[in-house]
file upload-v4.cif (mmCIF, C-alpha atoms and all ligand atoms)
data_final
loop_
_atom_site.label_atom_id
_atom_site.label_comp_id
_atom_site.auth_asym_id
_atom_site.auth_seq_id
_atom_site.Cartn_x
_atom_site.Cartn_y
_atom_site.Cartn_z
CA MET A 1 -3.65 -16.11 -11.89
CA SER A 2 -1.83 -13.88 -14.39
CA ALA A 3 -3.64 -12.41 -17.37
CA VAL A 4 -1.68 -14.75 -19.63
CA ASP A 5 -2.71 -17.79 -17.57
CA ASP A 6 -6.29 -16.56 -17.76
CA VAL A 7 -6.32 -16.29 -21.56
CA LEU A 8 -4.46 -19.58 -22.00
CA GLU A 9 -7.30 -21.27 -20.20
CA ARG A 10 -9.76 -19.53 -22.51
CA ASN A 11 -7.68 -20.65 -25.52
CA ARG A 12 -7.90 -24.28 -24.45
CA GLU A 13 -11.67 -23.98 -24.44
CA TYR A 14 -11.58 -22.16 -27.82
CA ALA A 15 -9.35 -24.79 -29.43
CA ALA A 16 -11.57 -27.59 -28.13
CA ARG A 17 -14.50 -26.10 -30.08
CA PHE A 18 -12.49 -24.79 -33.06
CA THR A 19 -13.93 -25.51 -36.51
CA ASP A 20 -12.36 -22.75 -38.67
CA GLY A 21 -9.12 -24.51 -39.59
CA ALA A 22 -10.00 -24.48 -43.30
CA ALA A 23 -10.50 -20.68 -43.54
CA PRO A 24 -8.79 -19.26 -46.64
CA LEU A 25 -5.54 -17.27 -46.63
CA LEU A 26 -7.08 -14.54 -48.79
CA PRO A 27 -9.92 -12.80 -46.97
CA ARG A 28 -13.43 -13.64 -48.20
CA LEU A 29 -14.33 -9.96 -48.13
CA PRO A 30 -11.85 -7.65 -49.89
CA LEU A 31 -11.74 -5.49 -46.77
CA VAL A 32 -9.04 -4.11 -44.48
CA VAL A 33 -10.11 -2.33 -41.28
CA LEU A 34 -7.93 0.07 -39.27
CA SER A 35 -9.12 0.30 -35.68
CA CYS A 36 -7.97 1.25 -32.18
CA ILE A 37 -6.49 -1.06 -29.54
CA ASP A 38 -9.26 -0.07 -27.10
CA ALA A 39 -10.57 -3.18 -25.34
CA ARG A 40 -14.18 -2.13 -25.98
CA VAL A 41 -13.59 -1.93 -29.72
CA GLN A 42 -13.93 -5.41 -31.22
CA PRO A 43 -14.22 -5.08 -35.01
CA ALA A 44 -14.83 -8.79 -35.50
CA ARG A 45 -17.88 -8.52 -33.29
CA PHE A 46 -19.35 -5.19 -34.37
CA LEU A 47 -18.77 -5.89 -38.06
CA GLY A 48 -19.88 -9.50 -37.86
CA LEU A 49 -16.53 -10.87 -39.06
CA GLY A 50 -15.46 -14.46 -38.57
CA PRO A 51 -12.13 -16.16 -39.21
CA GLY A 52 -11.09 -15.72 -42.84
CA ASP A 53 -13.42 -12.80 -43.52
CA ALA A 54 -11.28 -9.62 -43.48
CA HIS A 55 -8.06 -7.99 -42.29
CA VAL A 56 -7.97 -5.90 -39.13
CA VAL A 57 -5.01 -3.60 -38.36
CA ARG A 58 -4.97 -2.12 -34.88
CA ASN A 59 -2.94 0.52 -33.13
CA ALA A 60 -3.49 3.18 -30.47
CA GLY A 61 -6.04 5.58 -31.94
CA ALA A 62 -6.44 3.73 -35.27
CA ARG A 63 -3.96 6.19 -36.76
CA ALA A 64 -2.53 5.91 -40.27
CA THR A 65 1.03 5.46 -39.00
CA PRO A 66 3.86 4.18 -41.19
CA ASP A 67 3.39 0.69 -39.79
CA ALA A 68 -0.38 0.77 -40.32
CA LEU A 69 0.32 1.79 -43.92
CA ARG A 70 2.82 -1.06 -44.25
CA SER A 71 0.07 -3.50 -43.26
CA ILE A 72 -2.51 -1.88 -45.54
CA ILE A 73 -0.05 -2.08 -48.45
CA ILE A 74 0.47 -5.81 -47.81
CA SER A 75 -3.28 -6.31 -47.37
CA THR A 76 -4.14 -4.64 -50.68
CA GLN A 77 -1.16 -5.35 -52.90
CA VAL A 78 -0.37 -8.89 -51.76
CA LEU A 79 -3.59 -10.21 -50.28
CA GLY A 80 -6.18 -8.60 -52.52
CA THR A 81 -8.26 -6.26 -50.39
CA ARG A 82 -9.93 -3.35 -52.20
CA GLU A 83 -11.85 -1.46 -49.50
CA CYS A 84 -10.48 0.14 -46.33
CA MET A 85 -12.46 1.33 -43.31
CA VAL A 86 -10.75 3.69 -40.84
CA ILE A 87 -12.66 3.30 -37.58
CA HIS A 88 -12.00 5.61 -34.65
CA HIS A 89 -14.27 5.53 -31.61
CA THR A 90 -15.92 7.64 -28.95
CA ASP A 91 -14.24 7.99 -25.54
CA CYS A 92 -10.83 7.16 -27.04
CA GLY A 93 -7.87 7.31 -24.66
CA MET A 94 -5.93 9.20 -27.32
CA VAL A 95 -7.77 12.41 -26.43
CA SER A 96 -6.64 12.22 -22.80
CA PHE A 97 -3.04 13.40 -23.29
CA THR A 98 -0.81 15.54 -25.47
CA ASN A 99 2.58 14.65 -26.89
CA ASP A 100 4.14 16.90 -24.25
CA ASP A 101 2.21 15.11 -21.47
CA ILE A 102 3.29 11.63 -22.46
CA ARG A 103 6.87 12.66 -23.21
CA ALA A 104 7.16 14.19 -19.73
CA LYS A 105 5.59 11.12 -18.12
CA LEU A 106 7.94 8.77 -19.94
CA ARG A 107 10.99 10.84 -19.08
CA ALA A 108 9.95 10.91 -15.41
CA GLU A 109 9.22 7.19 -15.25
CA THR A 110 11.99 5.77 -17.41
CA GLY A 111 14.64 8.49 -17.79
CA ALA A 112 14.54 7.91 -21.55
CA SER A 113 13.59 10.49 -24.14
CA ALA A 114 10.53 10.10 -26.35
CA ASP A 115 10.93 13.58 -27.79
CA ASP A 116 11.26 12.26 -31.34
CA ILE A 117 8.09 10.15 -31.16
CA ASP A 118 4.75 11.54 -32.32
CA PHE A 119 2.21 9.54 -30.33
CA MET A 120 -0.53 11.02 -32.56
CA PRO A 121 -3.02 12.04 -29.87
CA PHE A 122 -5.98 14.10 -31.07
CA THR A 123 -8.69 16.37 -29.80
CA ASP A 124 -11.28 16.32 -32.60
CA LEU A 125 -12.59 12.83 -33.38
CA ASP A 126 -14.04 13.56 -36.83
CA ALA A 127 -10.95 15.54 -37.84
CA SER A 128 -8.64 12.69 -36.83
CA VAL A 129 -10.68 10.25 -38.93
CA GLN A 130 -10.49 12.66 -41.87
CA ASP A 131 -6.71 13.06 -41.44
CA ASP A 132 -6.14 9.31 -41.46
CA VAL A 133 -8.45 8.68 -44.44
CA ARG A 134 -6.64 11.39 -46.40
CA THR A 135 -3.22 9.98 -45.44
CA ILE A 136 -4.20 6.53 -46.73
CA ARG A 137 -5.81 7.90 -49.90
CA ALA A 138 -2.64 9.90 -50.63
CA ASN A 139 -0.25 6.95 -50.29
CA PRO A 140 1.16 6.28 -53.78
CA LEU A 141 1.92 2.62 -53.02
CA LEU A 142 -1.74 1.71 -52.58
CA PRO A 143 -4.05 0.68 -55.44
CA LYS A 144 -5.64 3.63 -57.21
CA GLU A 145 -9.06 1.98 -56.93
CA LEU A 146 -8.82 1.42 -53.15
CA GLU A 147 -11.98 2.76 -51.52
CA VAL A 148 -11.12 4.36 -48.18
CA SER A 149 -13.94 5.41 -45.84
CA GLY A 150 -14.00 6.91 -42.34
CA TRP A 151 -16.14 5.84 -39.39
CA VAL A 152 -16.72 6.40 -35.69
CA PHE A 153 -17.73 3.46 -33.49
CA ASP A 154 -19.80 4.51 -30.48
CA VAL A 155 -18.66 2.48 -27.47
CA ALA A 156 -21.89 3.33 -25.63
CA THR A 157 -24.34 2.14 -28.31
CA GLY A 158 -22.38 -0.16 -30.64
CA ARG A 159 -23.36 2.04 -33.60
CA LEU A 160 -21.06 2.87 -36.49
CA ASP A 161 -21.44 6.32 -38.05
CA GLU A 162 -19.74 7.45 -41.23
CA VAL A 163 -17.44 10.47 -41.30
CA LYS A 164 -17.59 11.97 -44.76
CA VAL A 165 -14.19 12.78 -46.19
CA LEU A 166 -14.17 14.80 -49.39
CA GLY A 167 -11.49 14.26 -51.99
ZN ZN A 201 -9.02 4.38 -28.81
#

call {"tool": "encode", "arguments": {"input": "upload-v4.cif", "output": "structure tokens"}}
result
Amino acid sequence: MSAVDDVLERNREYAARFTDGAAPLLPRLPLVVLSCIDARVQPARFLGLGPGDAHVVRNAGARATPDALRSIIISTQVLGTRECMVIHHTDCGMVSFTNDDIRAKLRAETGASADDIDFMPFTDLDASVQDDVRTIRANPLLPKELEVSGWVFDVATGRLDEVKVLG
């Protein structure tokens, strides 16, 4: 069975029990979360979010990339969110390579160049959270009153710890 076949079977079970069809378009909590793609990181679960509660933007490393910012702009300016949590996590795969490593791997495996792509790996977890919080706070297209905070989710304990970001 392929992974897609597997999850389609799970979806049939989900749909059979589904009762959230009346959830609102605008999130109940004025919250947008930026988190990593890591399979252990499930913001809906560790933040207690159900359908209709909040926005979750995900990418590799939970980095404040141009496309993450695009989603946060839509979330705040179109769909009314007013608080943003940047949530990185322990044991993130983004610390396991450098840009040079992944560019060399991609060139070897595909023959194509990724030299103009910053994959945004990092070595210091707290510093990467601080960088991304500052990038979001500095974006002039976001609401002035947007509250942006930084967090680290511990994949071993399920705990969420704040990373203070001055300014
Ligand atoms: Zn990660």

call {"tool": "residues_near_ligand", "arguments": {"input": "upload-v4.cif", "ligand": "ligand ZN 201 (chain A)", "cutoff": "9 Å", "atoms": "only C-alpha atoms and all ligand atoms", "output": "ChimeraX atom specification"}}
result
/A:35-41,59-62,88-95

call {"tool": "closest_residue", "arguments": {"input": "upload-v4.cif", "among": "A:Arg10, A:Arg45, A:Arg58, A:Lys164", "to": "Asp131 (chain A)", "atoms": "only C-alpha atoms"}}
result
A:Lys164

call {"tool": "residues_around", "arguments": {"input": "upload-v4.cif", "residues": "region 72-85 of chain A", "least_positions_apart": "4", "cutoff": "6 Å", "atoms": "only C-alpha atoms", "output": "compact mmCIF listing (two decimals) with C-alpha atoms, in the frame of the given file"}}
result
# COMPACT_ATOMS: atom_id res chain seq x y z
CA LEU A 26 -7.08 -14.54 -48.79
CA PRO A 30 -11.85 -7.65 -49.89
CA LEU A 31 -11.74 -5.49 -46.77
CA VAL A 32 -9.04 -4.11 -44.48
CA VAL A 33 -10.11 -2.33 -41.28
CA LEU A 142 -1.74 1.71 -52.58
CA LEU A 146 -8.82 1.42 -53.15
CA GLU A 147 -11.98 2.76 -51.52
CA VAL A 148 -11.12 4.36 -48.18
CA SER A 149 -13.94 5.41 -45.84
CA GLY A 150 -14.00 6.91 -42.34

call {"tool": "atom_distance", "arguments": {"input": "upload-v4.cif", "atom1": "CA of Val56 (chain A)", "atom2": "CA of Pro43 (chain A)"}}
result
7.5 Å

call {"tool": "atom_distance", "arguments": {"input": "upload-v4.cif", "atom1": "CA of Phe97 (chain A)", "atom2": "CA of Thr135 (chain A)"}}
result
22.4 Å

call {"tool": "atom_distance", "arguments": {"input": "upload-v4.cif", "atom1": "CA of Phe119 (chain A)", "atom2": "CA of Ile102 (chain A)"}}
result
8.2 Å

call {"tool": "residues_around", "arguments": {"input": "upload-v4.cif", "residues": "Gly167 (chain A)", "least_positions_apart": "5", "cutoff": "10 Å", "atoms": "all atoms listed in the file", "output": "VMD selection string"}}
result
chain A and resid 133 to 134 137 to 138

call {"tool": "closest_residue", "arguments": {"input": "upload-v4.cif", "among": "A:Thr123, A:Pro24, A:Asp6, A:Ile87", "to": "Leu47 (chain A)", "atoms": "all atoms listed in the file"}}
result
A:Ile87

call {"tool": "residues_around", "arguments": {"input": "upload-v4.cif", "residues": "Ala104 (chain A)", "least_positions_apart": "5", "cutoff": "9 Å", "atoms": "all atoms listed in the file", "output": "short mmCIF file (atom, residue, chain, number, x, y, z; two decimals) with C-alpha atoms, in the frame of the given file"}}
result
data_model
loop_
_atom_site.label_atom_id
_atom_site.label_comp_id
_atom_site.auth_asym_id
_atom_site.auth_seq_id
_atom_site.Cartn_x
_atom_site.Cartn_y
_atom_site.Cartn_z
CA ASN A 99 2.58 14.65 -26.89
CA GLU A 109 9.22 7.19 -15.25
CA SER A 113 13.59 10.49 -24.14
CA ALA A 114 10.53 10.10 -26.35
CA ASP A 115 10.93 13.58 -27.79
#

call {"tool": "closest_residue", "arguments": {"input": "upload-v4.cif", "among": "A:Leu166, A:Ala68, A:Leu106, A:Val155", "to": "Ile136 (chain A)", "atoms": "all atoms listed in the file"}}
result
A:Ala68

call {"tool": "closest_residue", "arguments": {"input": "upload-v4.cif", "among": "A:Asp20, A:Arg63, A:Glu145, A:Asp53", "to": "Phe122 (chain A)", "atoms": "only C-alpha atoms"}}
result
A:Arg63

call {"tool": "closest_residue", "arguments": {"input": "upload-v4.cif", "among": "A:Ala54, A:Ile117, A:Val163, A:Val86", "to": "Leu34 (chain A)", "atoms": "all atoms listed in the file"}}
result
A:Val86

call {"tool": "decode", "arguments": {"input": "upload-v4.cif", "residues": "region 122-135 of chain A", "atoms": "N, CA, C and O atoms", "output": "CSV table (one decimal), in the first residue's frame"}}
result
chain,number,residue,atom,x,y,z
A,122,PHE,N,20.3,26.2,10.0
A,122,PHE,CA,20.8,27.0,11.1
A,122,PHE,C,21.6,26.1,12.1
A,122,PHE,O,21.5,24.8,12.0
A,123,THR,N,22.4,26.7,13.0
A,123,THR,CA,23.1,25.9,13.9
A,123,THR,C,22.7,26.2,15.4
A,123,THR,O,22.7,25.4,16.2
A,124,ASP,N,22.2,27.5,15.6
A,124,ASP,CA,21.8,27.9,16.9
A,124,ASP,C,20.2,28.1,17.0
A,124,ASP,O,19.7,28.9,16.3
A,125,LEU,N,19.6,27.2,17.7
A,125,LEU,CA,18.1,27.2,17.7
A,125,LEU,C,17.5,28.5,18.2
A,125,LEU,O,16.6,29.1,17.5
A,126,ASP,N,18.0,29.0,19.3
A,126,ASP,CA,17.4,30.2,19.8
A,126,ASP,C,17.7,31.4,18.9
A,126,ASP,O,16.8,32.2,18.6
A,127,ALA,N,18.9,31.4,18.3
A,127,ALA,CA,19.2,32.5,17.4
A,127,ALA,C,18.3,32.5,16.1
A,127,ALA,O,17.9,33.5,15.6
A,128,SER,N,18.0,31.3,15.7
A,128,SER,CA,17.2,31.2,14.5
A,128,SER,C,15.8,31.7,14.8
A,128,SER,O,15.1,32.3,13.9
A,129,VAL,N,15.3,31.3,15.9
A,129,VAL,CA,13.9,31.8,16.3
A,129,VAL,C,14.0,33.4,16.4
A,129,VAL,O,13.1,34.0,15.8
A,130,GLN,N,15.0,33.9,17.0
A,130,GLN,CA,15.1,35.4,17.1
A,130,GLN,C,15.2,36.0,15.7
A,130,GLN,O,14.6,37.0,15.5
A,131,ASP,N,16.0,35.4,14.8
A,131,ASP,CA,16.1,36.0,13.5
A,131,ASP,C,14.7,36.0,12.8
A,131,ASP,O,14.3,37.0,12.2
A,132,ASP,N,13.9,34.9,12.9
A,132,ASP,CA,12.7,34.9,12.2
A,132,ASP,C,11.6,35.8,12.9
A,132,ASP,O,10.8,36.5,12.2
A,133,VAL,N,11.7,35.9,14.2
A,133,VAL,CA,10.8,36.9,14.9
A,133,VAL,C,11.1,38.3,14.4
A,133,VAL,O,10.2,39.1,14.1
A,134,ARG,N,12.4,38.6,14.4
A,134,ARG,CA,12.8,40.0,14.0
A,134,ARG,C,12.4,40.2,12.5
A,134,ARG,O,11.9,41.3,12.1
A,135,THR,N,12.5,39.2,11.6
A,135,THR,CA,12.2,39.4,10.2
A,135,THR,C,10.7,39.7,10.1
A,135,THR,O,10.3,40.6,9.3
